[in-house]
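Asks: Structure file input28.cif (mmCIF, C-alpha atoms and all ligand atoms) is given on the next line.
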```cif
data_entry
loop_
_atom_site.label_atom_id
_atom_site.label_comp_id
_atom_site.auth_asym_id
_atom_site.auth_seq_id
_atom_site.Cartn_x
_atom_site.Cartn_y
_atom_site.Cartn_z
CA MET U 1 -49.42 221.08 -67.32
CA ALA U 2 -52.59 222.21 -69.03
CA ASP U 3 -53.91 218.67 -69.49
CA GLU U 4 -53.89 217.95 -65.78
CA PRO U 5 -57.33 218.02 -64.17
CA LEU U 6 -58.53 221.37 -62.88
CA VAL U 7 -60.64 220.76 -59.79
CA LEU U 8 -62.38 222.96 -57.25
CA GLY U 9 -62.70 221.50 -53.74
CA ILE U 10 -65.13 222.47 -50.99
CA GLU U 11 -64.54 221.67 -47.32
CA THR U 12 -67.11 222.36 -44.59
CA SER U 13 -66.73 219.44 -42.17
CA CYS U 14 -66.04 221.61 -39.12
CA ASP U 15 -65.59 225.34 -38.61
CA GLU U 16 -63.60 226.26 -41.73
CA THR U 17 -65.32 227.08 -45.01
CA GLY U 18 -62.53 226.10 -47.39
CA VAL U 19 -62.51 226.40 -51.15
CA GLY U 20 -59.38 225.33 -53.02
CA ILE U 21 -58.52 225.04 -56.68
CA VAL U 22 -55.75 222.80 -57.98
CA ARG U 23 -54.47 221.69 -61.34
CA GLY U 24 -53.04 218.21 -60.91
CA HIS U 25 -50.54 218.65 -58.08
CA THR U 26 -50.37 222.43 -58.36
CA LEU U 27 -52.17 224.68 -55.90
CA LEU U 28 -53.86 227.62 -57.62
CA ALA U 29 -56.10 228.96 -54.84
CA ASP U 30 -56.73 228.23 -51.17
CA ALA U 31 -59.52 230.44 -49.81
CA VAL U 32 -60.59 229.85 -46.22
CA ALA U 33 -63.21 231.62 -44.12
CA SER U 34 -63.14 230.49 -40.50
CA SER U 35 -65.85 230.84 -37.88
CA VAL U 36 -63.36 229.97 -35.12
CA ASP U 37 -63.81 233.35 -33.41
CA GLU U 38 -67.55 232.78 -33.13
CA HIS U 39 -66.89 229.55 -31.21
CA ALA U 40 -64.12 230.86 -28.97
CA ARG U 41 -66.39 231.96 -26.13
CA PHE U 42 -67.91 228.44 -26.00
CA GLY U 43 -64.49 226.77 -25.80
CA GLY U 44 -65.27 224.45 -28.71
CA VAL U 45 -67.04 224.31 -32.05
CA VAL U 46 -70.81 224.76 -31.85
CA PRO U 47 -72.34 222.82 -34.78
CA GLU U 48 -75.28 225.14 -35.44
CA VAL U 49 -73.08 228.22 -35.40
CA ALA U 50 -70.69 226.51 -37.83
CA SER U 51 -73.47 225.54 -40.26
CA ARG U 52 -74.84 229.07 -40.34
CA ALA U 53 -71.37 230.52 -40.91
CA HIS U 54 -70.74 228.08 -43.80
CA LEU U 55 -73.98 229.16 -45.43
CA GLU U 56 -72.96 232.81 -45.29
CA ALA U 57 -69.37 232.25 -46.39
CA MET U 58 -69.90 229.68 -49.13
CA VAL U 59 -70.60 231.73 -52.25
CA PRO U 60 -68.14 234.57 -51.48
CA THR U 61 -65.41 232.01 -50.71
CA ILE U 62 -66.01 230.16 -53.98
CA GLN U 63 -65.88 233.44 -55.88
CA ARG U 64 -62.68 234.46 -54.12
CA ALA U 65 -61.02 231.13 -54.95
CA LEU U 66 -61.93 231.39 -58.65
CA LYS U 67 -60.60 234.94 -58.74
CA ASP U 68 -57.36 233.99 -56.92
CA ALA U 69 -56.80 231.08 -59.30
CA GLY U 70 -57.60 233.20 -62.33
CA VAL U 71 -59.85 230.51 -63.79
CA ALA U 72 -63.47 230.51 -64.89
CA ALA U 73 -65.92 228.07 -63.34
CA SER U 74 -66.59 226.75 -66.83
CA ASP U 75 -62.92 225.65 -67.12
CA LEU U 76 -63.20 223.21 -64.22
CA ASP U 77 -63.00 219.46 -64.84
CA GLY U 78 -64.83 218.60 -61.65
CA ILE U 79 -66.12 219.74 -58.27
CA ALA U 80 -64.98 217.84 -55.19
CA VAL U 81 -66.51 218.15 -51.76
CA THR U 82 -65.99 216.63 -48.32
CA ALA U 83 -68.81 214.09 -47.97
CA GLY U 84 -67.65 213.11 -44.45
CA PRO U 85 -66.71 212.47 -41.76
CA GLY U 86 -67.59 215.65 -39.88
CA LEU U 87 -70.47 217.62 -38.40
CA ALA U 88 -73.64 216.58 -40.26
CA GLY U 89 -75.17 220.04 -40.65
CA ALA U 90 -71.87 221.61 -41.63
CA LEU U 91 -71.13 218.92 -44.22
CA LEU U 92 -74.59 219.35 -45.68
CA VAL U 93 -73.90 222.97 -46.60
CA GLY U 94 -70.79 222.01 -48.58
CA VAL U 95 -72.40 219.02 -50.26
CA SER U 96 -75.42 221.08 -51.29
CA ALA U 97 -73.24 223.85 -52.69
CA ALA U 98 -71.04 221.39 -54.58
CA LYS U 99 -74.07 219.71 -56.11
CA ALA U 100 -75.58 223.02 -57.15
CA TYR U 101 -72.39 224.23 -58.82
CA ALA U 102 -71.63 220.86 -60.44
CA TYR U 103 -75.15 220.48 -61.75
CA ALA U 104 -75.44 224.04 -63.01
CA LEU U 105 -72.02 223.89 -64.68
CA GLY U 106 -72.44 220.36 -66.03
CA LYS U 107 -69.36 219.07 -64.21
CA PRO U 108 -68.82 215.74 -62.46
CA LEU U 109 -69.21 215.75 -58.69
CA TYR U 110 -66.77 213.92 -56.39
CA GLY U 111 -67.77 213.37 -52.79
CA VAL U 112 -64.48 212.64 -51.00
CA ASN U 113 -63.29 211.61 -47.56
CA HIS U 114 -61.99 214.31 -45.21
CA LEU U 115 -59.22 212.09 -43.81
CA ALA U 116 -57.96 210.92 -47.20
CA SER U 117 -57.93 214.61 -48.23
CA HIS U 118 -55.70 215.48 -45.26
CA ILE U 119 -53.22 212.91 -46.60
CA CYS U 120 -53.50 213.80 -50.29
CA VAL U 121 -52.88 217.51 -49.70
CA ASP U 122 -49.18 216.77 -49.32
CA GLN U 123 -49.02 216.28 -53.10
CA LEU U 124 -49.38 220.05 -53.39
CA GLU U 125 -46.28 220.52 -51.27
CA HIS U 126 -43.99 217.57 -52.02
CA GLY U 127 -45.26 216.09 -55.27
CA PRO U 128 -46.79 212.65 -55.92
CA LEU U 129 -47.53 210.70 -52.78
CA PRO U 130 -45.32 207.60 -52.50
CA GLU U 131 -47.26 204.35 -52.46
CA PRO U 132 -47.65 203.06 -49.88
CA THR U 133 -47.55 205.99 -47.47
CA MET U 134 -48.14 205.77 -43.72
CA ALA U 135 -50.19 208.69 -42.46
CA LEU U 136 -50.47 210.04 -38.94
CA LEU U 137 -53.52 212.29 -38.89
CA VAL U 138 -53.88 214.42 -35.82
CA SER U 139 -56.43 217.17 -35.38
CA GLY U 140 -59.18 218.39 -33.11
CA GLY U 141 -61.51 215.69 -34.43
CA HIS U 142 -59.25 212.76 -35.28
CA SER U 143 -56.08 210.95 -34.32
CA SER U 144 -55.41 208.01 -36.57
CA LEU U 145 -52.68 205.94 -38.10
CA LEU U 146 -53.60 205.06 -41.66
CA LEU U 147 -51.84 202.94 -44.25
CA ALA U 148 -52.49 204.27 -47.74
CA PRO U 149 -51.39 201.99 -50.59
CA ASP U 150 -53.57 204.07 -52.96
CA ILE U 151 -55.06 207.33 -51.71
CA THR U 152 -57.93 207.16 -54.22
CA ALA U 153 -59.01 203.61 -53.52
CA ASP U 154 -57.24 201.87 -50.64
CA VAL U 155 -56.84 203.42 -47.20
CA ARG U 156 -56.52 201.09 -44.21
CA PRO U 157 -56.97 202.17 -40.59
CA LEU U 158 -54.30 200.70 -38.30
CA GLY U 159 -55.30 202.53 -35.14
CA SER U 160 -57.01 205.57 -33.73
CA THR U 161 -57.74 207.30 -30.46
CA ILE U 162 -59.99 205.43 -28.09
CA ASP U 163 -61.07 208.65 -26.36
CA ASP U 164 -59.93 212.24 -27.07
CA ALA U 165 -58.29 213.40 -30.28
CA ALA U 166 -54.79 214.86 -29.88
CA GLY U 167 -55.97 218.38 -30.74
CA GLU U 168 -58.85 218.04 -28.32
CA ALA U 169 -56.33 217.31 -25.56
CA PHE U 170 -54.42 220.49 -26.47
CA ASP U 171 -57.68 222.46 -26.43
CA LYS U 172 -58.79 221.07 -23.06
CA ILE U 173 -55.46 221.66 -21.34
CA ALA U 174 -55.35 225.19 -22.73
CA ARG U 175 -58.76 225.72 -21.21
CA VAL U 176 -57.61 224.48 -17.79
CA LEU U 177 -54.67 226.89 -18.07
CA ASN U 178 -56.99 229.73 -19.23
CA LEU U 179 -55.07 230.16 -22.46
CA GLY U 180 -58.07 230.42 -24.81
CA PHE U 181 -59.27 228.42 -27.83
CA PRO U 182 -57.96 226.79 -29.96
CA GLY U 183 -55.33 225.64 -27.53
CA GLY U 184 -52.76 224.00 -29.80
CA PRO U 185 -51.06 227.10 -31.19
CA VAL U 186 -50.85 228.80 -27.76
CA ILE U 187 -49.44 225.75 -26.00
CA ASP U 188 -46.97 225.28 -28.86
CA ARG U 189 -45.73 228.84 -28.37
CA ILE U 190 -45.63 228.84 -24.57
CA ALA U 191 -43.99 225.40 -24.44
CA ARG U 192 -40.89 226.84 -26.13
CA GLU U 193 -40.14 228.67 -22.88
CA GLY U 194 -40.63 225.55 -20.75
CA ASP U 195 -38.82 222.33 -19.85
CA PRO U 196 -40.36 219.25 -21.54
CA ASP U 197 -38.85 217.02 -18.83
CA ALA U 198 -40.05 219.12 -15.90
CA ILE U 199 -43.04 216.89 -15.15
CA ALA U 200 -43.31 213.19 -16.10
CA PHE U 201 -46.86 212.98 -17.44
CA PRO U 202 -48.20 209.53 -18.46
CA ARG U 203 -47.82 208.12 -21.99
CA GLY U 204 -51.17 206.50 -22.78
CA LEU U 205 -51.40 202.97 -24.25
CA THR U 206 -47.67 202.39 -24.39
CA GLY U 207 -47.56 199.30 -22.19
CA PRO U 208 -46.45 195.95 -23.65
CA ARG U 209 -50.01 194.63 -23.73
CA ASP U 210 -51.64 197.79 -25.12
CA ALA U 211 -52.86 198.11 -28.70
CA ALA U 212 -49.76 199.07 -30.65
CA TYR U 213 -51.35 201.71 -32.87
CA ASP U 214 -54.24 203.06 -30.80
CA PHE U 215 -54.01 206.29 -28.85
CA SER U 216 -55.50 207.51 -25.59
CA PHE U 217 -55.19 211.08 -24.33
CA SER U 218 -57.88 211.23 -21.70
CA GLY U 219 -55.67 209.80 -18.92
CA LEU U 220 -53.00 212.34 -19.77
CA LYS U 221 -55.55 215.14 -19.77
CA THR U 222 -56.80 214.11 -16.31
CA ALA U 223 -53.25 213.78 -14.99
CA VAL U 224 -52.35 217.28 -16.17
CA ALA U 225 -55.57 218.78 -14.79
CA ARG U 226 -55.01 217.10 -11.40
CA TRP U 227 -51.42 218.29 -11.28
CA ILE U 228 -52.55 221.86 -11.93
CA GLU U 229 -55.36 221.59 -9.36
CA ALA U 230 -52.95 220.33 -6.71
CA LYS U 231 -50.63 223.28 -7.34
CA ARG U 232 -53.51 225.73 -7.10
CA ALA U 233 -54.91 224.06 -3.97
CA ALA U 234 -51.49 224.39 -2.33
CA GLY U 235 -51.53 228.10 -3.19
CA GLU U 236 -48.51 227.67 -5.46
CA GLU U 237 -48.06 229.32 -8.79
CA VAL U 238 -48.64 227.05 -11.79
CA PRO U 239 -45.54 226.96 -14.01
CA ILE U 240 -47.48 227.34 -17.25
CA ALA U 241 -44.52 226.97 -19.60
CA ASP U 242 -43.25 223.79 -17.91
CA VAL U 243 -46.74 222.27 -17.78
CA SER U 244 -47.30 223.11 -21.46
CA ALA U 245 -43.94 221.73 -22.53
CA SER U 246 -44.28 218.54 -20.48
CA PHE U 247 -47.84 217.92 -21.64
CA GLN U 248 -46.89 218.54 -25.27
CA GLU U 249 -43.89 216.23 -24.91
CA ALA U 250 -46.13 213.39 -23.69
CA VAL U 251 -48.49 213.78 -26.66
CA VAL U 252 -45.75 214.12 -29.25
CA ASP U 253 -43.67 211.28 -27.82
CA VAL U 254 -46.54 208.81 -28.13
CA LEU U 255 -47.62 210.00 -31.58
CA THR U 256 -44.18 209.76 -33.14
CA ARG U 257 -43.22 206.53 -31.38
CA LYS U 258 -46.34 204.73 -32.65
CA ALA U 259 -46.11 206.18 -36.16
CA VAL U 260 -42.50 205.08 -36.58
CA ARG U 261 -43.29 201.67 -35.18
CA ALA U 262 -46.19 201.25 -37.64
CA CYS U 263 -43.86 202.09 -40.54
CA LYS U 264 -41.30 199.53 -39.38
CA ASP U 265 -43.90 196.81 -38.75
CA GLU U 266 -45.56 197.34 -42.14
CA GLY U 267 -42.34 197.84 -44.08
CA VAL U 268 -43.39 201.34 -45.18
CA GLU U 269 -40.63 203.87 -45.85
CA HIS U 270 -42.64 207.09 -46.03
CA LEU U 271 -44.46 208.79 -43.18
CA MET U 272 -46.72 211.80 -43.69
CA ILE U 273 -48.20 213.78 -40.84
CA GLY U 274 -51.33 215.84 -41.40
CA GLY U 275 -54.20 217.53 -39.58
CA GLY U 276 -54.15 220.67 -37.43
CA VAL U 277 -51.79 219.24 -34.79
CA ALA U 278 -49.20 218.59 -37.53
CA ALA U 279 -48.59 222.34 -37.30
CA ASN U 280 -47.02 221.69 -33.89
CA SER U 281 -43.34 222.60 -33.91
CA ARG U 282 -42.27 220.01 -31.35
CA LEU U 283 -44.14 217.25 -33.23
CA ARG U 284 -42.35 218.23 -36.42
CA ALA U 285 -38.94 218.29 -34.74
CA MET U 286 -39.35 214.97 -32.95
CA ALA U 287 -40.81 213.25 -36.01
CA GLU U 288 -37.88 214.47 -38.09
CA ARG U 289 -35.36 213.08 -35.64
CA ARG U 290 -37.08 209.75 -35.15
CA CYS U 291 -37.70 209.26 -38.88
CA GLU U 292 -34.08 210.00 -39.63
CA ASP U 293 -32.95 207.49 -37.00
CA ALA U 294 -35.28 204.87 -38.48
CA GLY U 295 -34.31 205.58 -42.11
CA LEU U 296 -37.77 206.86 -43.02
CA THR U 297 -38.64 209.84 -45.19
CA LEU U 298 -40.96 212.31 -43.50
CA ARG U 299 -43.46 214.51 -45.32
CA VAL U 300 -45.33 217.21 -43.45
CA PRO U 301 -47.22 219.87 -45.42
CA ARG U 302 -46.85 223.51 -44.40
CA PRO U 303 -49.15 224.44 -41.48
CA LYS U 304 -51.78 226.18 -43.64
CA LEU U 305 -52.29 222.95 -45.60
CA CYS U 306 -52.41 220.88 -42.38
CA THR U 307 -55.44 222.63 -40.89
CA ASP U 308 -58.80 222.14 -42.61
CA ASN U 309 -58.90 223.73 -46.06
CA GLY U 310 -60.46 223.32 -49.49
CA ALA U 311 -57.17 222.73 -51.29
CA MET U 312 -56.88 219.27 -49.76
CA VAL U 313 -60.30 218.34 -51.09
CA ALA U 314 -59.40 219.68 -54.51
CA ALA U 315 -56.12 217.74 -54.39
CA LEU U 316 -57.91 214.45 -53.76
CA GLY U 317 -60.60 215.32 -56.32
CA ALA U 318 -57.92 215.96 -58.95
CA GLU U 319 -56.33 212.62 -58.13
CA MET U 320 -59.71 210.91 -58.53
CA VAL U 321 -60.11 212.50 -61.96
CA ALA U 322 -56.54 211.71 -62.98
CA ARG U 323 -56.97 208.05 -62.03
CA GLY U 324 -60.35 207.77 -63.72
CA ARG U 325 -62.30 207.05 -60.55
CA SER U 326 -66.04 207.29 -61.07
CA ALA U 327 -67.88 210.40 -59.98
CA SER U 328 -70.55 210.53 -57.29
CA ALA U 329 -74.27 210.34 -57.96
CA TRP U 330 -76.44 213.44 -57.68
CA ASP U 331 -78.10 211.98 -54.60
CA LEU U 332 -74.73 212.06 -52.78
CA SER U 333 -75.41 212.70 -49.12
CA ALA U 334 -73.30 214.06 -46.31
CA ASP U 335 -72.20 211.16 -44.10
CA SER U 336 -71.02 212.36 -40.70
CA SER U 337 -69.38 208.98 -40.03
CA LEU U 338 -68.07 208.13 -43.50
CA PRO U 339 -65.55 205.31 -42.94
CA VAL U 340 -61.92 206.12 -43.67
CA THR U 341 -61.83 203.04 -45.90
CA ASP U 342 -63.95 204.98 -48.43
CA PRO U 343 -61.63 207.63 -49.95
CA HIS U 344 -64.55 208.74 -52.05
CA VAL U 345 -68.22 208.02 -52.58
CA PRO U 346 -68.64 206.71 -56.13
CA ALA U 347 -72.01 206.39 -57.80
CA PRO U 348 -73.45 202.96 -56.96
CA THR U 349 -72.38 200.29 -59.43
CA GLY U 350 -75.03 199.61 -61.99
CA HIS U 351 -75.35 203.30 -62.73
CA THR U 352 -75.85 203.57 -66.45
CA HIS U 353 -73.10 206.02 -67.30
CA SER U 354 -69.41 206.32 -66.92
CA HIS U 355 -67.67 209.57 -66.19
CA SER U 356 -64.68 211.27 -67.53
CA HIS U 357 -63.49 214.77 -66.86
CA SER U 358 -64.20 215.80 -70.42
CA HIS U 359 -66.73 218.53 -70.71
CA SER U 360 -69.15 216.83 -73.07
CA HIS U 361 -69.30 213.70 -70.96
CA SER U 362 -70.24 215.57 -67.87
CA HIS U 363 -73.05 217.26 -69.76
CA ASP U 364 -74.38 213.85 -70.81
CA HIS U 365 -74.19 212.85 -67.19
CA VAL U 366 -76.36 215.75 -66.07
CA HIS U 367 -78.92 215.16 -68.79
CA GLU U 368 -79.15 211.44 -68.28
CA LEU U 369 -79.62 211.89 -64.60
CA SER U 370 -82.27 214.54 -64.89
CA ARG U 371 -84.15 212.30 -67.29
CA LYS U 372 -83.82 209.46 -64.87
CA ASN U 373 -85.09 211.58 -62.00
CA LEU U 374 -88.04 212.78 -64.04
CA TYR U 375 -89.18 209.39 -65.23
CA ALA U 376 -88.04 207.09 -62.44
O1 LIG U 401 -57.39 220.00 -38.71
P1 LIG U 401 -57.97 221.09 -37.85
O2 LIG U 401 -57.88 222.50 -38.35
O3 LIG U 401 -59.49 220.84 -37.59
C1 LIG U 401 -60.02 219.59 -37.25
O4 LIG U 401 -60.34 218.82 -38.18
O5 LIG U 401 -60.07 219.35 -36.03
O6 LIG U 401 -57.30 220.95 -36.42
C2 LIG U 401 -57.59 221.83 -35.35
C3 LIG U 401 -56.87 221.32 -34.11
C4 LIG U 401 -57.23 222.08 -32.83
O7 LIG U 401 -57.50 221.15 -31.81
C5 LIG U 401 -55.96 222.88 -32.55
O8 LIG U 401 -55.77 223.12 -31.15
C6 LIG U 401 -54.90 221.97 -33.11
O9 LIG U 401 -55.45 221.42 -34.28
N1 LIG U 401 -53.67 222.71 -33.45
C7 LIG U 401 -52.49 222.50 -32.84
C8 LIG U 401 -51.58 223.45 -33.39
N2 LIG U 401 -52.25 224.17 -34.32
C9 LIG U 401 -53.53 223.71 -34.34
N3 LIG U 401 -52.12 221.62 -31.89
C10 LIG U 401 -50.86 221.66 -31.48
N4 LIG U 401 -49.94 222.54 -31.93
C11 LIG U 401 -50.25 223.44 -32.88
N5 LIG U 401 -49.32 224.30 -33.33
ZN ZN U 402 -59.52 217.91 -40.39
#
```
Show me this structure written as structure tokens.
Ligand code: KG4
Ligand code: ZN
Replies:
Amino acid sequence: MADEPLVLGIETSCDETGVGIVRGHTLLADAVASSVDEHARFGGVVPEVASRAHLEAMVPTIQRALKDAGVAASDLDGIAVTAGPGLAGALLVGVSAAKAYAYALGKPLYGVNHLASHICVDQLEHGPLPEPTMALLVSGGHSSLLLAPDITADVRPLGSTIDDAAGEAFDKIARVLNLGFPGGPVIDRIAREGDPDAIAFPRGLTGPRDAAYDFSFSGLKTAVARWIEAKRAAGEEVPIADVSASFQEAVVDVLTRKAVRACKDEGVEHLMIGGGVAANSRLRAMAERRCEDAGLTLRVPRPKLCTDNGAMVAALGAEMVARGRSASAWDLSADSSLPVTDPHVPAPTGHTHSHSHSHSHSHDHVHELSRKNLYA
């Protein structure tokens, strides 16, 4: 619908320079430039390399997104950007670009939360997010269970990893097995040839006295590494497919068990799974089965929307506009540890102007602010 907000979203929290454009719940463009290859030889993301790559990719990626969407920058109702959490230097590139475009175009700026964006992106795939939704977010940087009664204003953390993120565990085990980086997709593929019950690896934090919704993958990682070392020390061949499948099974078993339990405990009927690890085929299959058994509806966006991208930021930005949430101030800063309880970073209360996504209003906003900055 033409009256739905048209928003451009910028994501630079890690190694993907993502620029997405959405109209309401409709995806119009999803341009991503990744520096993942530049990090591969280090076995993980190098922050300085990522920042530099964002700087180089930013303008071309924005231009590509506008071209793909077939819209002019002047048609936009707002510019959204990941304000955090993420790598400070990387975030800064996106925030600076978003400010420059918003200011130059006279559009409201929305600094939004990376985690809330990972949840909101599902609107582009499955339509309006049910309220409340339980979200299991699993990626290289985060593993959390979040209850979202309102994705624009109310996101509550129920639990998170106390050590490694789920994706990090995949990456580290892939490294031990010499499978390259990132490890998740390779392990996913190789595990299909293996037996998930071949080796009984530990399920972290699943004891009766353990925190019900927290995760721990570092014990599992150590157990798998030791098992591999023992095989090698004995001069035996490491059964890579069985190790991959058994390791993956341990991760996926814990993730789905805790997510379903959180839904039951909180009386929530909808579970969404997002983040890079949500691309995992075994996670999808097990979540489907367990949700069906528990009478829950499961929503998992397609893999391209699960990994970091700009469309998710645009999706949340559009929702902010649609629900009349206030825009961010021009002094919005990147916050590498932005709490998940802040789906966006509104201008401090007491700011003299309100925002709407109408064109004229956003122009007033720019002018008022520049006056304020000049005379403050
Ligand atoms: O969301 P994402 O692109 O970036 C972060 O915010 O971290 O997630 C990347 C992570 C990496 O750790 C990668 O190994 C993992 O997601 N991943 C997977 C799969 N695809 C990506 N893990 C398991 N199975 C997959 N198919
Ligand atoms: Zn992410």
Asks: Determine, using all atoms listed in the file, which residues of chain U have any atom at most 8 Å from an atom of ligand ZN 402 (chain U), and tabulate each with its shortest atom pair and distance in Å to one decimal place, rows ordered by chain and then rising number, as JSON lines.
Replies:
```
{"residue": "U:Ser13", "atom": "CA", "partner": "U:ZN402", "partner_atom": "ZN", "distance": 7.6}
{"residue": "U:Cys14", "atom": "CA", "partner": "U:ZN402", "partner_atom": "ZN", "distance": 7.6}
{"residue": "U:His114", "atom": "CA", "partner": "U:ZN402", "partner_atom": "ZN", "distance": 6.5}
{"residue": "U:Leu115", "atom": "CA", "partner": "U:ZN402", "partner_atom": "ZN", "distance": 6.8}
{"residue": "U:His118", "atom": "CA", "partner": "U:ZN402", "partner_atom": "ZN", "distance": 6.6}
{"residue": "U:Ser139", "atom": "CA", "partner": "U:ZN402", "partner_atom": "ZN", "distance": 5.9}
{"residue": "U:Gly140", "atom": "CA", "partner": "U:ZN402", "partner_atom": "ZN", "distance": 7.3}
{"residue": "U:Gly141", "atom": "CA", "partner": "U:ZN402", "partner_atom": "ZN", "distance": 6.7}
{"residue": "U:His142", "atom": "CA", "partner": "U:ZN402", "partner_atom": "ZN", "distance": 7.3}
{"residue": "U:Gly275", "atom": "CA", "partner": "U:ZN402", "partner_atom": "ZN", "distance": 5.4}
{"residue": "U:Gly276", "atom": "CA", "partner": "U:ZN402", "partner_atom": "ZN", "distance": 6.7}
{"residue": "U:Cys306", "atom": "CA", "partner": "U:ZN402", "partner_atom": "ZN", "distance": 8.0}
{"residue": "U:Thr307", "atom": "CA", "partner": "U:ZN402", "partner_atom": "ZN", "distance": 6.3}
{"residue": "U:Asp308", "atom": "CA", "partner": "U:ZN402", "partner_atom": "ZN", "distance": 4.8}
```
Asks: Skipping near chain neighbours, those fewer than 2 positions away, what residues fall within 9 Å of Ile228 in chain U using only C-alpha atoms, listed as a PyMOL selection string?
Replies: chain U and resi 176-177+223-226+230-233+238-239+243
Asks: Can you tell me, as a compact mmCIF listing (two decimals) with C-alpha atoms, in the coordinates of the input, what residues are no more than 9 Å from range 180-197 of chain U when counting only C-alpha atoms, ignoring any on the same chain fewer than 3 positions away?
Replies:
```txt
# COMPACT_ATOMS: atom_id res chain seq x y z
CA VAL U 36 -63.36 229.97 -35.12
CA ASP U 37 -63.81 233.35 -33.41
CA HIS U 39 -66.89 229.55 -31.21
CA ALA U 40 -64.12 230.86 -28.97
CA ARG U 41 -66.39 231.96 -26.13
CA PHE U 42 -67.91 228.44 -26.00
CA GLY U 43 -64.49 226.77 -25.80
CA GLY U 44 -65.27 224.45 -28.71
CA GLY U 167 -55.97 218.38 -30.74
CA GLU U 168 -58.85 218.04 -28.32
CA ALA U 169 -56.33 217.31 -25.56
CA PHE U 170 -54.42 220.49 -26.47
CA ASP U 171 -57.68 222.46 -26.43
CA LYS U 172 -58.79 221.07 -23.06
CA ILE U 173 -55.46 221.66 -21.34
CA ALA U 174 -55.35 225.19 -22.73
CA ARG U 175 -58.76 225.72 -21.21
CA LEU U 177 -54.67 226.89 -18.07
CA ALA U 200 -43.31 213.19 -16.10
CA PRO U 239 -45.54 226.96 -14.01
CA ILE U 240 -47.48 227.34 -17.25
CA ALA U 241 -44.52 226.97 -19.60
CA ASP U 242 -43.25 223.79 -17.91
CA VAL U 243 -46.74 222.27 -17.78
CA SER U 244 -47.30 223.11 -21.46
CA ALA U 245 -43.94 221.73 -22.53
CA SER U 246 -44.28 218.54 -20.48
CA PHE U 247 -47.84 217.92 -21.64
CA GLN U 248 -46.89 218.54 -25.27
CA GLU U 249 -43.89 216.23 -24.91
CA ALA U 250 -46.13 213.39 -23.69
CA GLY U 276 -54.15 220.67 -37.43
CA VAL U 277 -51.79 219.24 -34.79
CA ALA U 279 -48.59 222.34 -37.30
CA ASN U 280 -47.02 221.69 -33.89
CA SER U 281 -43.34 222.60 -33.91
CA ARG U 282 -42.27 220.01 -31.35
```
Asks: Hey, can I get the axis-aligned box for ligand LIG 401 (chain U)? All listed atoms, 5 Å padding on each side, centre and edge lengths in Å to one decimal, as JSON.
Replies:
```
{"center_x": -54.8, "center_y": 221.6, "center_z": -34.9, "size_x": 21.0, "size_y": 15.5, "size_z": 17.6}
```
Asks: Which distance in Å separates CA of Asp68 in chain U and CA of Val300 in chain U, to one decimal?
Replies: 24.7 Å
Asks: Just give me the residues with any atom within 10 Å of (-70.4, 209.5, -52.4), file coordinates, counting only C-alpha atoms, written as a list in words.
Replies: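 Taken together, the residues in range are Val81, Thr82, Ala83, Gly84, Val95, Leu109, Tyr110, Gly111, Val112, Asn113, Ser326, Ala327, Ser328, Ala329, Trp330, Asp331, Leu332, Ser333, Ala334, Asp335, Leu338, Asp342, Pro343, His344, Val345, Pro346, Ala347 and Pro348 of chain U.
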Asks: I need the residue nearest Ala69 in chain U from this list: U:Arg284, U:Arg23, U:Arg323, U:Arg156. Use only C-alpha atoms for the distance.
Replies: U:Arg23
Asks: Nearest residue to Arg64 in chain U out of U:Ala287, U:Ala50, U:Val32, U:Leu91, using all atoms listed in the file?
Replies: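 Of U:Ala287, U:Ala50, U:Val32, U:Leu91, the one nearest Arg64 in chain U is U:Val32, counting all atoms listed in the file.
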Asks: Can you tell me how far CA of Ile151 in chain U sits from CA of Val268 in chain U, in Å to one decimal?
Replies: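 If I compute the distance from CA of Ile151 in chain U to CA of Val268 in chain U, I get 14.7 Å.
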Asks: Measuring atom to atom with all atoms listed in the file, identify which of U:Val7, U:Val45, U:Leu66, U:Leu220 is nearest to ligand LIG 401 (chain U).
Replies: U:Val45
Asks: Tell me, in Å to one decimal, how far CA of Ala90 in chain U is from CA of Gly78 in chain U.
Replies: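 We find that CA of Ala90 in chain U and CA of Gly78 in chain U lie 21.4 Å from each other.
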Asks: Nearest to ligand LIG 401 (chain U) among U:Ala165, U:Ala318, U:Leu76, U:Ala212, with distances taken over all atoms listed in the file: which residue is it?
Replies: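 Ranking U:Ala165, U:Ala318, U:Leu76, U:Ala212 by distance to ligand LIG 401 (chain U), first place goes to U:Ala165.
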Asks: From the options U:Val59, U:Leu305, U:Ala29, U:Leu271, which residue's atoms come nearest to ligand LIG 401 (chain U), counting only C-alpha atoms and all ligand atoms?
Replies: U:Leu305
Asks: Taking only C-alpha atoms and all ligand atoms into account, which of U:Ala198, U:Ala278, U:Met312, U:Val71 comes nearest ligand LIG 401 (chain U)?
Replies: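 Residue with the minimum atom-to-atom distance to ligand LIG 401 (chain U): U:Ala278.
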Asks: Can you pull out the residues contacting Leu124 in chain U? Cut-off 7 Å, using only C-alpha atoms, and skip same-chain residues under 5 positions away; I want them as number ranges by chain.
Replies: U: 25-27
